[in-house]
file protein_6.csv (CSV, C-alpha atoms)
chain,number,residue,atom,x,y,z
A,807,MET,CA,47.3,182.9,15.6
A,808,ARG,CA,48.3,180.3,18.1
A,809,LEU,CA,44.7,179.4,18.9
A,810,VAL,CA,43.9,178.9,15.2
A,811,GLU,CA,46.8,176.6,14.8
A,812,VAL,CA,45.8,174.5,17.8
A,813,ILE,CA,42.2,174.3,16.6
A,814,VAL,CA,43.3,173.2,13.1
A,815,LEU,CA,45.6,170.6,14.5
A,816,ILE,CA,43.0,169.1,16.9
A,817,SER,CA,40.3,169.1,14.3
A,818,THR,CA,42.6,167.4,11.8
A,819,VAL,CA,43.5,164.7,14.3
A,820,LEU,CA,39.8,164.2,15.2
A,821,ALA,CA,38.8,164.0,11.6
A,822,VAL,CA,41.4,161.4,10.8
A,823,ALA,CA,40.4,159.4,13.9
A,824,LEU,CA,36.8,159.5,12.8
A,825,LEU,CA,37.7,158.4,9.3
A,826,ILE,CA,39.8,155.5,10.7
A,827,THR,CA,37.1,154.5,13.1
A,828,VAL,CA,34.4,154.5,10.4
A,829,GLY,CA,36.6,152.8,7.8
A,830,PHE,CA,38.3,150.4,10.1
A,831,GLU,CA,36.8,147.3,8.6
A,832,HIS,CA,38.1,148.3,5.2
A,833,LEU,CA,41.5,149.5,6.5
A,834,VAL,CA,42.4,146.2,8.0
A,835,PRO,CA,43.6,144.0,5.1
A,836,SER,CA,41.5,141.0,4.6
A,837,GLU,CA,43.0,137.5,4.9
A,838,ARG,CA,41.8,136.6,1.5
A,839,VAL,CA,44.2,137.2,-1.4
A,840,ARG,CA,42.9,138.7,-4.6
A,841,PRO,CA,42.9,136.5,-7.7
A,842,VAL,CA,45.8,138.4,-9.4
A,843,ALA,CA,47.9,138.1,-6.3
A,844,GLU,CA,47.0,134.5,-5.9
A,845,PHE,CA,48.2,133.8,-9.5
A,846,TYR,CA,51.5,135.6,-8.9
A,847,LEU,CA,52.1,133.8,-5.6
A,848,ASN,CA,51.4,130.5,-7.2
A,849,ALA,CA,53.5,131.1,-10.3
A,850,THR,CA,56.5,132.8,-8.8
A,851,TYR,CA,58.3,129.6,-7.8
A,852,ASN,CA,56.5,126.6,-9.3
A,853,GLN,CA,58.3,124.5,-11.8
A,854,TYR,CA,55.7,121.6,-11.8
A,855,GLU,CA,52.1,122.9,-12.1
A,856,LEU,CA,52.7,126.3,-13.7
A,857,ARG,CA,55.8,125.4,-15.7
A,858,ASN,CA,55.0,127.8,-18.5
A,859,TYR,CA,54.3,130.9,-16.3
A,860,THR,CA,56.8,130.6,-13.5
A,861,ALA,CA,59.8,133.0,-12.9
A,862,MET,CA,61.6,130.4,-10.7
A,863,SER,CA,62.2,133.0,-8.0
A,864,PRO,CA,60.9,132.6,-4.4
A,865,GLU,CA,60.8,136.4,-4.2
A,866,ALA,CA,57.5,137.4,-5.8
A,867,VAL,CA,58.3,141.1,-5.8
A,868,THR,CA,61.5,140.7,-7.8
A,869,ALA,CA,59.8,138.2,-10.1
A,870,ILE,CA,57.1,140.8,-10.8
A,871,VAL,CA,59.5,143.7,-11.2
A,872,TRP,CA,61.9,142.1,-13.5
A,873,ASP,CA,60.0,139.3,-15.2
A,874,PHE,CA,56.2,139.7,-15.2
A,875,ARG,CA,56.4,143.4,-15.8
A,876,GLY,CA,60.0,143.8,-16.9
A,877,LEU,CA,59.4,146.3,-19.6
A,878,ASP,CA,58.1,148.9,-17.0
A,879,THR,CA,61.2,148.5,-15.0
A,880,LEU,CA,63.4,149.0,-18.1
A,881,PHE,CA,61.7,152.3,-18.7
A,882,GLU,CA,62.0,153.3,-15.1
A,883,THR,CA,65.7,152.7,-15.3
A,884,SER,CA,65.9,154.8,-18.5
A,885,VAL,CA,64.0,157.6,-16.8
A,886,PHE,CA,66.6,157.6,-14.0
A,887,TYR,CA,69.4,157.7,-16.6
A,888,LEU,CA,67.8,160.7,-18.4
A,889,ALA,CA,67.5,162.5,-15.1
A,890,LEU,CA,71.2,161.8,-14.4
A,891,ILE,CA,72.2,163.2,-17.9
A,892,ALA,CA,70.2,166.3,-17.2
A,893,GLY,CA,72.1,166.7,-13.9
A,894,LEU,CA,75.4,166.3,-15.5
A,895,ALA,CA,74.5,168.8,-18.2
A,896,LEU,CA,73.7,171.4,-15.5
A,897,THR,CA,77.1,171.0,-13.9
A,898,ARG,CA,79.2,170.9,-17.1
A,899,GLY,CA,82.1,173.2,-17.3
A,900,LEU,CA,82.4,173.1,-13.5
A,901,LEU,CA,83.6,169.5,-13.6
A,902,LEU,CA,87.4,169.0,-13.7
A,903,GLU,CA,89.1,165.7,-13.8
A,904,ARG,CA,92.0,167.0,-11.9
A,905,ALA,CA,91.1,168.4,-8.5
A,906,GLU,CA,93.3,170.0,-6.0
A,907,LYS,CA,93.3,168.6,-2.4
A,908,SER,CA,91.1,170.9,-0.5
A,909,GLY,CA,90.5,170.8,3.3
A,910,HIS,CA,91.5,168.2,5.7
A,911,GLY,CA,88.1,166.6,6.4
A,912,LEU,CA,86.8,165.7,9.8
A,913,SER,CA,88.7,164.4,12.8
A,914,ILE,CA,90.8,161.3,12.7
A,915,ILE,CA,88.2,159.4,14.8
A,916,VAL,CA,85.5,160.0,12.2
A,917,ARG,CA,87.9,159.2,9.4
A,918,THR,CA,89.0,155.9,11.0
A,919,VAL,CA,85.4,154.8,11.6
A,920,THR,CA,84.5,155.6,8.1
A,921,ARG,CA,87.4,153.5,6.8
A,922,ILE,CA,86.1,150.6,8.9
A,923,THR,CA,82.4,151.0,7.9
A,924,ALA,CA,83.1,151.6,4.2
A,925,PRO,CA,83.5,147.9,3.3
A,926,MET,CA,80.5,147.1,5.5
A,927,ILE,CA,78.3,149.4,3.5
A,928,VAL,CA,79.5,147.9,0.2
A,929,ALA,CA,79.0,144.4,1.6
A,930,VAL,CA,75.4,145.1,2.8
A,931,GLY,CA,74.6,146.7,-0.6
A,932,ALA,CA,76.1,143.8,-2.5
A,933,SER,CA,74.2,141.3,-0.4
A,934,ILE,CA,70.9,143.0,-0.9
A,935,GLY,CA,71.5,143.3,-4.6
A,936,LEU,CA,72.9,139.8,-5.3
A,937,HIS,CA,70.2,138.1,-3.2
A,938,GLY,CA,67.5,140.1,-4.8
A,939,HIS,CA,65.9,137.0,-6.3
A,940,LEU,CA,65.8,135.2,-2.9
A,941,THR,CA,65.1,137.8,-0.2
A,942,PRO,CA,63.5,141.2,-0.2
A,943,GLY,CA,65.6,143.7,-2.1
A,944,GLY,CA,67.1,143.9,-5.5
A,945,GLY,CA,69.3,145.8,-7.8
A,946,PHE,CA,68.0,149.3,-7.1
A,947,GLN,CA,68.0,148.8,-3.3
A,948,GLY,CA,71.5,147.4,-3.2
A,949,GLY,CA,72.8,150.1,-5.6
A,950,SER,CA,71.3,152.9,-3.5
A,951,VAL,CA,72.8,151.4,-0.3
A,952,ILE,CA,76.3,151.3,-2.0
A,953,ALA,CA,75.7,154.9,-3.3
A,954,VAL,CA,75.6,156.1,0.4
A,955,LEU,CA,79.3,155.3,0.6
A,956,PRO,CA,80.7,158.0,-1.8
A,957,MET,CA,78.5,160.6,0.0
A,958,VAL,CA,79.8,159.7,3.4
A,959,VAL,CA,83.4,159.7,2.0
A,960,ILE,CA,82.9,163.1,0.5
A,961,VAL,CA,81.5,164.5,3.7
A,962,VAL,CA,84.1,162.9,6.0
A,963,PHE,CA,87.3,163.4,3.8
A,964,SER,CA,86.9,166.1,1.2
A,965,ALA,CA,85.0,166.9,-2.0
A,966,SER,CA,87.9,166.0,-4.2
A,967,PHE,CA,89.1,163.0,-2.2
A,968,LEU,CA,87.4,160.5,-4.6
A,969,VAL,CA,88.6,162.2,-7.7
A,970,ILE,CA,92.2,162.2,-6.3
A,971,LYS,CA,91.9,158.5,-5.5
A,972,GLY,CA,90.9,157.9,-9.1
A,973,VAL,CA,87.1,157.5,-8.9
A,974,THR,CA,86.3,160.1,-11.6
A,975,THR,CA,82.9,160.8,-13.0
A,976,THR,CA,84.1,159.5,-16.4
A,977,LYS,CA,85.0,156.1,-14.9
A,978,LEU,CA,81.7,156.0,-13.1
A,979,LEU,CA,79.9,156.9,-16.3
A,980,VAL,CA,81.6,153.9,-18.0
A,981,VAL,CA,80.4,151.6,-15.1
A,982,ARG,CA,76.9,153.1,-15.4
A,983,SER,CA,76.9,152.6,-19.2
A,984,LEU,CA,78.2,149.0,-18.8
A,985,GLY,CA,75.4,148.3,-16.4
A,986,LEU,CA,72.7,149.6,-18.7
A,987,THR,CA,74.2,147.7,-21.6
A,988,GLY,CA,74.1,144.6,-19.5
A,989,ILE,CA,70.4,145.2,-18.7
A,990,GLY,CA,69.7,145.6,-22.4
A,991,LEU,CA,71.7,142.5,-23.4
A,992,THR,CA,70.0,140.4,-20.6
A,993,ALA,CA,66.6,141.6,-21.9
A,994,ILE,CA,67.3,140.2,-25.4
A,995,ALA,CA,69.6,137.3,-24.5
A,996,VAL,CA,66.9,134.6,-24.8
A,997,PHE,CA,65.6,136.3,-28.0
A,998,LEU,CA,69.1,136.2,-29.6
A,999,VAL,CA,69.4,132.5,-28.7
A,1000,GLY,CA,66.0,131.9,-30.3
A,1001,ILE,CA,67.1,133.6,-33.5
A,1002,THR,CA,70.3,131.6,-33.6
A,1003,LEU,CA,68.5,128.3,-33.0
A,1004,HIS,CA,65.6,129.2,-35.3
A,1005,MET,CA,63.1,128.8,-32.4
A,1006,PRO,CA,60.4,131.2,-31.3
A,1007,ALA,CA,61.4,133.4,-28.4
A,1008,TYR,CA,60.4,136.7,-26.8
A,1009,VAL,CA,62.2,139.8,-25.8
A,1010,PHE,CA,62.3,139.9,-21.9
A,1011,GLN,CA,61.7,136.1,-21.8
A,1012,ASN,CA,62.9,134.4,-18.7
A,1013,MET,CA,61.5,130.9,-18.4
A,1014,ALA,CA,59.8,128.8,-21.1
A,1015,LYS,CA,56.4,130.0,-22.4
A,1016,PRO,CA,53.8,127.7,-24.0
A,1017,ASP,CA,54.7,128.9,-27.5
A,1018,ALA,CA,58.4,129.6,-26.9
A,1019,GLN,CA,60.2,126.7,-25.2
A,1020,ILE,CA,63.6,128.3,-24.7
A,1021,SER,CA,64.5,129.3,-21.1
A,1022,MET,CA,67.3,130.7,-19.1
A,1023,PRO,CA,69.0,128.3,-16.7
A,1024,TYR,CA,67.4,128.9,-13.4
A,1025,SER,CA,70.2,127.5,-11.4
A,1026,VAL,CA,74.0,127.3,-11.8
A,1027,ALA,CA,75.8,124.4,-10.1
A,1028,GLY,CA,72.9,124.0,-7.6
A,1029,ALA,CA,72.6,127.7,-6.8
A,1030,LEU,CA,69.3,129.3,-7.7
A,1031,ILE,CA,69.8,132.4,-10.0
A,1032,SER,CA,66.3,132.5,-11.4
A,1033,GLY,CA,67.3,133.0,-15.0
A,1034,THR,CA,67.5,136.6,-16.0
A,1035,LEU,CA,66.6,138.0,-12.6
A,1036,TRP,CA,70.1,137.7,-11.1
A,1037,PHE,CA,71.7,139.3,-14.1
A,1038,PHE,CA,69.1,142.2,-14.1
A,1039,ASN,CA,69.8,142.7,-10.4
A,1040,ILE,CA,73.5,142.8,-10.6
A,1041,PHE,CA,73.6,145.1,-13.6
A,1042,GLU,CA,71.0,147.4,-12.1
A,1043,MET,CA,73.0,147.5,-8.9
A,1044,PHE,CA,76.1,148.7,-10.7
A,1045,ALA,CA,74.1,151.2,-12.8
A,1046,VAL,CA,72.3,152.7,-9.8
A,1047,ALA,CA,75.4,152.8,-7.5
A,1048,ALA,CA,77.4,154.5,-10.2
A,1049,GLY,CA,74.6,156.9,-11.2
A,1050,PHE,CA,74.0,158.2,-7.7
A,1051,SER,CA,77.8,158.5,-7.1
A,1052,ILE,CA,78.2,160.6,-10.3
A,1053,ALA,CA,75.4,162.9,-9.1
A,1054,PHE,CA,77.0,163.4,-5.7
A,1055,ILE,CA,80.6,163.9,-7.0
A,1056,ALA,CA,79.3,166.4,-9.6
A,1057,LEU,CA,77.3,168.3,-7.0
A,1058,MET,CA,80.1,168.5,-4.4
A,1059,LEU,CA,82.9,169.3,-6.9
A,1060,ALA,CA,80.7,172.0,-8.4
A,1061,ARG,CA,80.2,173.5,-5.0
A,1062,THR,CA,83.9,173.5,-4.0
A,1063,LEU,CA,84.9,175.0,-7.3
A,1064,GLU,CA,82.3,177.7,-7.1
A,1065,SER,CA,83.3,178.6,-3.5
A,1066,SER,CA,87.0,178.7,-4.4
A,1067,ARG,CA,86.2,180.8,-7.4
A,1068,GLY,CA,84.2,183.3,-5.3
A,1069,GLU,CA,87.0,183.9,-2.9
B,927,MET,CA,43.2,135.0,30.4
B,928,GLY,CA,44.8,131.6,30.8
B,929,ASP,CA,47.0,130.5,27.9
B,930,LYS,CA,45.5,133.2,25.7
B,931,PRO,CA,47.9,136.2,25.0
B,932,MET,CA,46.6,139.6,26.1
B,933,LEU,CA,46.4,140.9,22.5
B,934,PRO,CA,46.2,139.0,19.3
B,935,GLY,CA,49.4,139.4,17.3
B,936,GLU,CA,47.8,141.5,14.6
B,937,THR,CA,46.4,144.0,17.0
B,938,GLY,CA,49.8,144.5,18.5
B,939,VAL,CA,51.3,145.2,15.1
B,940,TYR,CA,48.5,147.7,14.3
B,941,LEU,CA,49.2,149.4,17.7
B,942,VAL,CA,52.9,149.7,16.9
B,943,MET,CA,52.0,151.1,13.5
B,944,ALA,CA,49.6,153.7,15.0
B,945,ILE,CA,52.3,154.8,17.5
B,946,ILE,CA,54.9,155.1,14.7
B,947,SER,CA,52.5,157.0,12.5
B,948,LEU,CA,51.7,159.5,15.3
B,949,LEU,CA,55.5,160.0,16.0
B,950,SER,CA,56.0,160.6,12.3
B,951,VAL,CA,53.3,163.3,12.4
B,952,VAL,CA,55.1,164.9,15.2
B,953,ALA,CA,58.4,164.8,13.2
B,954,VAL,CA,56.7,166.4,10.2
B,955,TYR,CA,55.2,169.1,12.4
B,956,MET,CA,58.6,169.9,13.8
B,957,ALA,CA,60.1,169.9,10.3
B,958,VAL,CA,57.6,172.4,9.1
B,959,LYS,CA,57.7,174.6,12.2
B,960,THR,CA,61.4,174.9,12.8
B,961,ARG,CA,63.3,177.9,11.5
B,962,ASP,CA,66.6,176.0,11.3
B,963,LEU,CA,66.7,174.4,7.9
B,964,VAL,CA,69.4,171.9,9.0
B,965,LYS,CA,67.1,170.7,11.8
B,966,ALA,CA,64.2,170.5,9.4
B,967,VAL,CA,66.2,168.1,7.2
B,968,ILE,CA,67.0,166.0,10.3
B,969,TYR,CA,63.4,165.9,11.4
B,970,SER,CA,62.4,164.9,7.9
B,971,ALA,CA,65.0,162.1,7.9
B,972,LEU,CA,63.5,161.0,11.2
B,973,GLN,CA,60.1,160.9,9.7
B,974,SER,CA,61.5,158.8,6.8
B,975,GLY,CA,63.1,156.4,9.2
B,976,LEU,CA,59.7,155.9,10.9
B,977,TYR,CA,58.0,155.4,7.5
B,978,SER,CA,60.5,152.7,6.6
B,979,ILE,CA,59.5,150.8,9.8
B,980,LEU,CA,55.9,151.3,8.7
B,981,TYR,CA,56.7,149.8,5.3
B,982,PHE,CA,58.3,146.8,6.9
B,983,LEU,CA,55.3,146.2,9.2
B,984,LEU,CA,53.0,146.6,6.2
B,985,LEU,CA,54.8,143.6,4.6
B,986,ALA,CA,56.6,145.7,2.0
B,987,PRO,CA,60.2,145.2,2.9
B,988,ASP,CA,61.4,146.0,-0.7
B,989,ILE,CA,60.0,149.5,-0.4
B,990,GLY,CA,61.5,149.8,3.0
B,991,LEU,CA,65.0,148.8,1.7
B,992,VAL,CA,64.8,151.6,-0.9
B,993,TYR,CA,63.4,154.1,1.5
B,994,ILE,CA,66.2,153.8,4.1
B,995,PRO,CA,69.2,154.7,1.9
B,996,VAL,CA,67.3,157.2,-0.3
B,997,ALA,CA,65.3,159.1,2.3
B,998,VAL,CA,67.7,158.9,5.2
B,999,GLY,CA,71.0,159.0,3.4
B,1000,LEU,CA,70.8,160.5,-0.1
B,1001,ILE,CA,68.0,163.1,0.0
B,1002,PRO,CA,69.3,164.8,3.3
B,1003,GLY,CA,72.7,164.9,1.7
B,1004,VAL,CA,71.4,166.7,-1.4
B,1005,LEU,CA,69.3,169.0,0.8
B,1006,LEU,CA,72.3,169.9,3.0
B,1007,VAL,CA,74.3,170.8,-0.1
B,1008,LEU,CA,71.4,173.0,-1.1
B,1009,ILE,CA,71.2,174.7,2.3
B,1010,SER,CA,74.9,175.3,2.3
B,1011,LYS,CA,74.4,177.3,-0.9
B,1012,THR,CA,71.7,179.6,0.7
B,1013,GLU,CA,71.1,180.6,4.3
B,1014,ARG,CA,70.6,178.2,7.2
B,1015,TRP,CA,67.9,180.3,9.0
B,1016,GLU,CA,64.5,180.7,7.5
B,1017,LYS,CA,63.3,184.4,7.5
B,1018,GLU,CA,59.9,185.6,8.6
call {"tool": "encode", "arguments": {"input": "protein_6.csv", "output": "structure tokens"}}
result
Amino acid sequence: MRLVEVIVLISTVLAVALLITVGFEHLVPSERVRPVAEFYLNATYNQYELRNYTAMSPEAVTAIVWDFRGLDTLFETSVFYLALIAGLALTRGLLLERAEKSGHGLSIIVRTVTRITAPMIVAVGASIGLHGHLTPGGGFQGGSVIAVLPMVVIVVFSASFLVIKGVTTTKLLVVRSLGLTGIGLTAIAVFLVGITLHMPAYVFQNMAKPDAQISMPYSVAGALISGTLWFFNIFEMFAVAAGFSIAFIALMLARTLESSRGE
Amino acid sequence: MGDKPMLPGETGVYLVMAIISLLSVVAVYMAVKTRDLVKAVIYSALQSGLYSILYFLLLAPDIGLVYIPVAVGLIPGVLLVLISKTERWEKE
């Protein structure tokens, strides 16, 4: 058995090495940029030459995710929301809004360190999310960084700690729903303005297009916000952070209640 | 040699990427082979951490930023909850 394993491992490594050697010229990315990429790189922050196609964001990835292909991202967000609803439906009946204090958590050293690092986690997440239109990152990244915090708190303190402190799943669900509503409203904001002013405008429009000359302001008081991108990022951040937190609190509370019921 | 560096910058990056990939293969092998499921989760988190460095070197920092909290923080958390519901040691 041992011999077979070693032979399989060695042959796999050799095969991969051969493939890499043969395909090396194609594996190394070429210095030329493909035409599509060239268009996006030119258009992402270009208010002079490509005024009608720009997203006014130096971060091309966020510009593509929330502007050039914004509808895809909207449906990705709704898929995440549906998965969350399914998870909550599985744990229904086990969820109580009032939870008894159970367990003492880890040692005082770990608890103190957690108290110190907790604001840092939130700060890093908020920075990633709010600077999504300037630096790599965005709403989903920032939200999932913030969502690490409730998990750490649950592990270090206790499963019902957050619920006792007032962070209930209902409240988080409200935050989540507000975030989603914000995303929806941002998507149709320019469209609604267009209807009011009797001018042509698109759903998911950010900057002015050749046949729809309305655009979101791309900077507020000298600070670049890239029109809709900043709003999408902040709402997505709240929605994702609250969504992951709900899933964890539900999982952990369900586990504690089950074990206390079994005893 | 002279004023030329020993390796062109790109080759160095590819070398680092190759080493990180090999290390991640080792981590995956350990994760598959170990009988202790908690250790398997930790090895898989290690592999995810190495992958996030790979994403960063491949100029996809956005994916790396998603990968770190999700694959190192959130998924191991869920898996540990799952393990605590069953047994820690894998049977033959």
call {"tool": "residues_around", "arguments": {"input": "protein_6.csv", "residues": "range 961-973 of chain B", "least_positions_apart": "2", "cutoff": "6 Å", "atoms": "all atoms listed in the file", "output": "list in words"}}
result
Ser950, Ala953, Ala957, Gly975, Leu976, Val998, Pro1002, Arg1014, Trp1015 and Glu1016 of chain B
call {"tool": "write_last_selection", "arguments": {"input": "protein_6.csv", "atoms": "C-alpha atoms", "output": "PDB file, in the coordinates of the input"}}
result
ATOM      1  CA  SER B 950      56.000 160.600  12.300  1.00  0.00           C
ATOM      2  CA  ALA B 953      58.400 164.800  13.200  1.00  0.00           C
ATOM      3  CA  ALA B 957      60.100 169.900  10.300  1.00  0.00           C
ATOM      4  CA  GLY B 975      63.100 156.400   9.200  1.00  0.00           C
ATOM      5  CA  LEU B 976      59.700 155.900  10.900  1.00  0.00           C
ATOM      6  CA  VAL B 998      67.700 158.900   5.200  1.00  0.00           C
ATOM      7  CA  PRO B1002      69.300 164.800   3.300  1.00  0.00           C
ATOM      8  CA  ARG B1014      70.600 178.200   7.200  1.00  0.00           C
ATOM      9  CA  TRP B1015      67.900 180.300   9.000  1.00  0.00           C
ATOM     10  CA  GLU B1016      64.500 180.700   7.500  1.00  0.00           C
TER      11      GLU B1016
END
call {"tool": "residues_around", "arguments": {"input": "protein_6.csv", "residues": "Pro864 in chain A", "least_positions_apart": "2", "cutoff": "7 Å", "atoms": "all atoms listed in the file", "output": "count of residues only"}}
result
6
call {"tool": "closest_atom_pairs", "arguments": {"input": "protein_6.csv", "of": "chain A", "to": "chain B", "cutoff": "10 Å", "atoms": "only C-alpha atoms", "output": "JSON lines"}}
result
{"residue": "A:Leu815", "atom": "CA", "partner": "B:Tyr955", "partner_atom": "CA", "distance": 9.9}
{"residue": "A:Val819", "atom": "CA", "partner": "B:Leu948", "partner_atom": "CA", "distance": 9.8}
{"residue": "A:Val834", "atom": "CA", "partner": "B:Tyr940", "partner_atom": "CA", "distance": 8.9}
{"residue": "A:Pro835", "atom": "CA", "partner": "B:Leu984", "partner_atom": "CA", "distance": 9.8}
{"residue": "A:Val867", "atom": "CA", "partner": "B:Asp988", "partner_atom": "CA", "distance": 7.7}
{"residue": "A:Thr868", "atom": "CA", "partner": "B:Asp988", "partner_atom": "CA", "distance": 8.9}
{"residue": "A:Gly931", "atom": "CA", "partner": "B:Pro995", "partner_atom": "CA", "distance": 10.0}
{"residue": "A:Ile934", "atom": "CA", "partner": "B:Leu991", "partner_atom": "CA", "distance": 8.7}
{"residue": "A:Gly938", "atom": "CA", "partner": "B:Asp988", "partner_atom": "CA", "distance": 9.4}
{"residue": "A:Thr941", "atom": "CA", "partner": "B:Asp988", "partner_atom": "CA", "distance": 9.0}
{"residue": "A:Pro942", "atom": "CA", "partner": "B:Asp988", "partner_atom": "CA", "distance": 5.3}
{"residue": "A:Gly943", "atom": "CA", "partner": "B:Asp988", "partner_atom": "CA", "distance": 5.0}
{"residue": "A:Gly944", "atom": "CA", "partner": "B:Asp988", "partner_atom": "CA", "distance": 7.7}
{"residue": "A:Phe946", "atom": "CA", "partner": "B:Val992", "partner_atom": "CA", "distance": 7.3}
{"residue": "A:Gln947", "atom": "CA", "partner": "B:Val992", "partner_atom": "CA", "distance": 4.9}
{"residue": "A:Gly948", "atom": "CA", "partner": "B:Val992", "partner_atom": "CA", "distance": 8.2}
{"residue": "A:Gly949", "atom": "CA", "partner": "B:Val992", "partner_atom": "CA", "distance": 9.4}
{"residue": "A:Ser950", "atom": "CA", "partner": "B:Pro995", "partner_atom": "CA", "distance": 6.1}
{"residue": "A:Val951", "atom": "CA", "partner": "B:Pro995", "partner_atom": "CA", "distance": 5.4}
{"residue": "A:Ile952", "atom": "CA", "partner": "B:Pro995", "partner_atom": "CA", "distance": 8.8}
{"residue": "A:Ala953", "atom": "CA", "partner": "B:Leu1000", "partner_atom": "CA", "distance": 8.1}
{"residue": "A:Val954", "atom": "CA", "partner": "B:Gly999", "partner_atom": "CA", "distance": 6.2}
{"residue": "A:Leu955", "atom": "CA", "partner": "B:Gly999", "partner_atom": "CA", "distance": 9.5}
{"residue": "A:Met957", "atom": "CA", "partner": "B:Gly1003", "partner_atom": "CA", "distance": 7.4}
{"residue": "A:Val958", "atom": "CA", "partner": "B:Gly999", "partner_atom": "CA", "distance": 8.8}
{"residue": "A:Val961", "atom": "CA", "partner": "B:Gly1003", "partner_atom": "CA", "distance": 9.0}
{"residue": "A:Phe1050", "atom": "CA", "partner": "B:Leu1000", "partner_atom": "CA", "distance": 8.6}
{"residue": "A:Ala1053", "atom": "CA", "partner": "B:Val1004", "partner_atom": "CA", "distance": 9.5}
{"residue": "A:Phe1054", "atom": "CA", "partner": "B:Val1004", "partner_atom": "CA", "distance": 7.8}
{"residue": "A:Leu1057", "atom": "CA", "partner": "B:Val1007", "partner_atom": "CA", "distance": 7.9}
{"residue": "A:Met1058", "atom": "CA", "partner": "B:Val1007", "partner_atom": "CA", "distance": 7.6}
{"residue": "A:Arg1061", "atom": "CA", "partner": "B:Lys1011", "partner_atom": "CA", "distance": 8.1}
{"residue": "A:Ser1065", "atom": "CA", "partner": "B:Lys1011", "partner_atom": "CA", "distance": 9.4}
call {"tool": "closest_residue", "arguments": {"input": "protein_6.csv", "among": "A:Thr860, A:Ala924, A:Phe1041, A:Asp873", "to": "Leu984 in chain A", "atoms": "only C-alpha atoms"}}
result
A:Phe1041
call {"tool": "atom_distance", "arguments": {"input": "protein_6.csv", "atom1": "CA of Gln853 in chain A", "atom2": "CA of Ser1032 in chain A"}}
result
11.3 Å
call {"tool": "atom_distance", "arguments": {"input": "protein_6.csv", "atom1": "CA of Pro956 in chain A", "atom2": "CA of Ser1051 in chain A"}}
result
6.1 Å
call {"tool": "atom_distance", "arguments": {"input": "protein_6.csv", "atom1": "CA of Ala869 in chain A", "atom2": "CA of Gly1033 in chain A"}}
result
10.4 Å
call {"tool": "axis_aligned_box", "arguments": {"input": "protein_6.csv", "around": "range 924-936 of chain A", "padding_each_side": "3 Å", "output": "AutoDock Vina command-line options"}}
result
--center_x 77.2 --center_y 145.7 --center_z 0.1 --size_x 18.6 --size_y 17.8 --size_z 16.8
call {"tool": "residues_around", "arguments": {"input": "protein_6.csv", "residues": "Ile989 in chain A", "least_positions_apart": "4", "cutoff": "10 Å", "atoms": "all atoms listed in the file", "output": "list in words"}}
result
Leu880, Thr883, Ser983, Leu984, Gly985, Ala993, Ile994, Ala995, Thr1034, Phe1037, Phe1038, Asn1039, Ile1040, Phe1041, Glu1042 and Ala1045 of chain A
call {"tool": "closest_residue", "arguments": {"input": "protein_6.csv", "among": "A:Val828, A:Leu1035, A:Leu894, A:Ile914", "to": "Arg875 in chain A", "atoms": "only C-alpha atoms"}}
result
A:Leu1035
call {"tool": "residues_around", "arguments": {"input": "protein_6.csv", "residues": "range 999-1009 of chain A", "least_positions_apart": "4", "cutoff": "9 Å", "atoms": "only C-alpha atoms", "output": "list in words"}}
result
Ala993, Ile994, Ala995, Ala1014, Lys1015, Asp1017, Ala1018, Gln1019, Ile1020 and Ser1021 of chain A
